[in-house]
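Q: I'd like to ask you about the structure that follows.
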Amino acid sequence: MTARELDAAGIHEPALRDAYTRCRRLNARHGKTYFLATRLLPDDRRPAVHALYGFARRADDIVDDLDSDATPAQRARALRDFQDRLEEALRRAPDPGPARRRLGQVTEAAAPASAAAGPDPVIRALVHTAGAYGIDHQHFADFMTSMRSDLQVTGYATYEELGHYMHGSAAVIGLEMLPVLGTVGPEAEAAPYAAALGVAFQLTNFLRDVGEDLDRGRLYLPADLLAAHGADRELLEWSRATGGRDSRITAALRAAAAHNRGVYLTALPGLRLLDPVSRPCVRTAFVLYGGILDAIEDDGYAVLHRRAVVPRRRRAAVALHGLVRAVAARAAAPGRGRRAAPHHPDPARPAPAALRAATPLRKEPV
């Protein structure tokens, strides 16, 4: 499967193929929901998604690896070194030109960018992807800013404050993906929805992983949300440590899930703006991540004690439905889904305030 994807993307240089293969393994090992959805994309687009995931995963591991005894200062230096090497590689990478910034044309013409990346395979693959798809380098810088924040900030007072963090940690992921997925019109029209969907996914992760994040000394549930239901960080830490349950915690978690569903609904109209051959992938991710919220609810909001998991049968059913849609979309697409609209970079980044949706909403089937 890996060789077929790389061949379809026109990636033949051995070192570059190895770099993309390593990123794919990271995605398969750590991003199970994300990886499952990625497999619904046309073969030629998957390597770029793996590269973007590999970059995010590498930075996240520097910050959050619980098996490492590195101090915060050592993690900060490692993160800075990683960013310096990435920025140097991006500066040295040649511009492949607008003719190459089209889906299905990721060719060896962009391969010189990989040579500038040095021996790090994640950087090598990311620089190649950034050049091939014309991805704004500012997105990578914003992501690294949020990663550095994780080494210093342990909590957030409000959703507005959290939104500034999530611009770099989540919204830019959606914006990075957009040139790879392709759109039926200008990217500027789809960008706010892509950013909102990135935020929705991360809010789901925050809710699912609240116990593990407390173990790392961080809390992504805003203090004012907790206070509105009579809870606070100390109460959550007591629950995590003792296994005790409290109705105030459950109420706060339920409110966080409702907020999260609101952000999903904000992002939903963006699906129709994507290239038809990419929609099944994003739709499947939309349903699977929303399913995590369902699993949390079904488990009584016990996220401080165990991780909620979407049942395997449900995941398989959603994936099968997505596969049927993907096959139909590729069959109907000109050139069997190998091309999409040209890249239209949007210099304006959406403000964090535009990514917030606080209205409690029902589950939204897709």
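Chain lettering (A, B, ...) mirrors the order of the structure tokens, residue numbering begins at 1 for each chain separately, and ligand numbering begins at 1 in order of display.
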Please identify all polymer residues within 8 Å of range 220-232 of chain A, counting only C-alpha atoms, omitting same-chain residues fewer than 2 positions from it, and present them as a PyMOL selection string.

A: chain A and resi 155-159+162+206-207+210+218+234-236+248-249+251-252+255-256

Q: Write out as a PyMOL selection string each polymer residue whose atoms come within 10 Å of Asn205 in chain A, counting only C-alpha atoms; drop sequence neighbours fewer than 3 positions from it.

A: chain A and resi 199-202+208-210+220+289+292-293

Q: Could you list, as an NGL selection string, every residue within 9 Å of Ala195 in chain A, counting only C-alpha atoms and ignoring same-chain residues fewer than 5 positions away?

A: :A and (167 or 170-175 or 190 or 200 or 267 or 350 or 355)

Q: Do a neighbour search on Asp215 in chain A at 10 Å with only C-alpha atoms, toss out local chain neighbours closer than 3 positions, and write the hits as a tab-separated table (two decimals) with N, CA and C atoms, in the first residue's frame.

A:
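That gives us out_26.tsv:
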```tsv
chain	number	residue	atom	x	y	z
A	66	LEU	N	5.62	10.98	28.18
A	66	LEU	CA	5.64	10.66	29.60
A	66	LEU	C	6.75	9.68	29.96
A	209	ASP	N	-9.18	13.05	26.86
A	209	ASP	CA	-7.89	12.86	27.52
A	209	ASP	C	-7.71	13.73	28.76
A	210	VAL	N	-8.79	14.23	29.34
A	210	VAL	CA	-8.65	15.17	30.44
A	210	VAL	C	-7.87	14.56	31.61
A	211	GLY	N	-8.07	13.29	31.86
A	211	GLY	CA	-7.33	12.64	32.95
A	211	GLY	C	-5.84	12.56	32.66
A	212	GLU	N	-5.48	12.14	31.45
A	212	GLU	CA	-4.08	12.03	31.06
A	212	GLU	C	-3.41	13.40	31.05
A	218	ARG	N	-1.52	19.65	33.03
A	218	ARG	CA	-2.25	20.62	32.24
A	218	ARG	C	-3.75	20.31	32.24
A	219	LEU	N	-4.53	21.37	32.06
A	219	LEU	CA	-5.99	21.24	31.99
A	219	LEU	C	-6.50	22.16	30.90
A	237	GLU	N	-8.65	16.97	40.10
A	237	GLU	CA	-7.45	16.25	40.53
A	237	GLU	C	-7.79	15.24	41.63
A	240	ARG	N	-9.39	12.30	39.84
A	240	ARG	CA	-8.39	11.53	39.12
A	240	ARG	C	-7.57	10.66	40.08
A	241	ALA	N	-7.23	11.21	41.21
A	241	ALA	CA	-6.37	10.50	42.17
A	241	ALA	C	-7.11	9.41	42.93
```

Q: Between A:Leu126, A:Leu86, A:Val184, A:Val63, which one has atoms that come closest to Val277 in chain A, using only C-alpha atoms?

A: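 Of A:Leu126, A:Leu86, A:Val184, A:Val63, the one nearest Val277 in chain A is A:Val184, counting only C-alpha atoms.
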
Q: For CA of Val287 in chain A and CA of Arg315 in chain A, quote the distance in Å rounded to one decimal.

A: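 If I compute the distance from CA of Val287 in chain A to CA of Arg315 in chain A, I get 9.3 Å.
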
Q: My list of candidates is A:Pro42, A:Gly300, A:Gly290, A:Gly198. Which is closest to Ser278 in chain A when distances are computed with only C-alpha atoms?

A: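 Of all the options, A:Pro42 lies closest to Ser278 in chain A.
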
Q: Measuring atom to atom with only C-alpha atoms, identify which of A:Leu181, A:Val303, A:Ala196, A:Ala70 is nearest to Gly163 in chain A.

A: A:Ala196

Q: Among range 131-312 of chain A, which ones does DSSP assign to helix (DSSP H, G or I) (computed from the backbone)? Answer as an MDAnalysis selection string.

A: chainID A and resid 131:133 137:149 159:181 187:208 210:215 223:228 233:242 247:273 279:298 312

Q: Have a look at CA of Asp136 in chain A and CA of Asp150 in chain A and let me know their distance in Å, one decimal.

A: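 The value is 23.0 Å.
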
Q: Using only C-alpha atoms, which of A:Pro72, A:Gly168, A:Glu87, A:Ala295 sits nearest Leu151 in chain A?

A: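 Smallest distance to Leu151 in chain A is found for A:Pro72.
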
Q: Between CA of Glu160 in chain A and CA of Asn260 in chain A, what is the distance, to one decimal in Å?

A: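 One can read the CA of Glu160 in chain A to CA of Asn260 in chain A distance as 13.9 Å.
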
Q: Residues at most 12 Å from Phe82 in chain A, counting only C-alpha atoms, excluding those fewer than 2 positions away in the same chain, as a PyMOL selection string?

A: chain A and resi 55-56+58-63+75-80+84-89+117-118+120-123+140-141+144+147-148
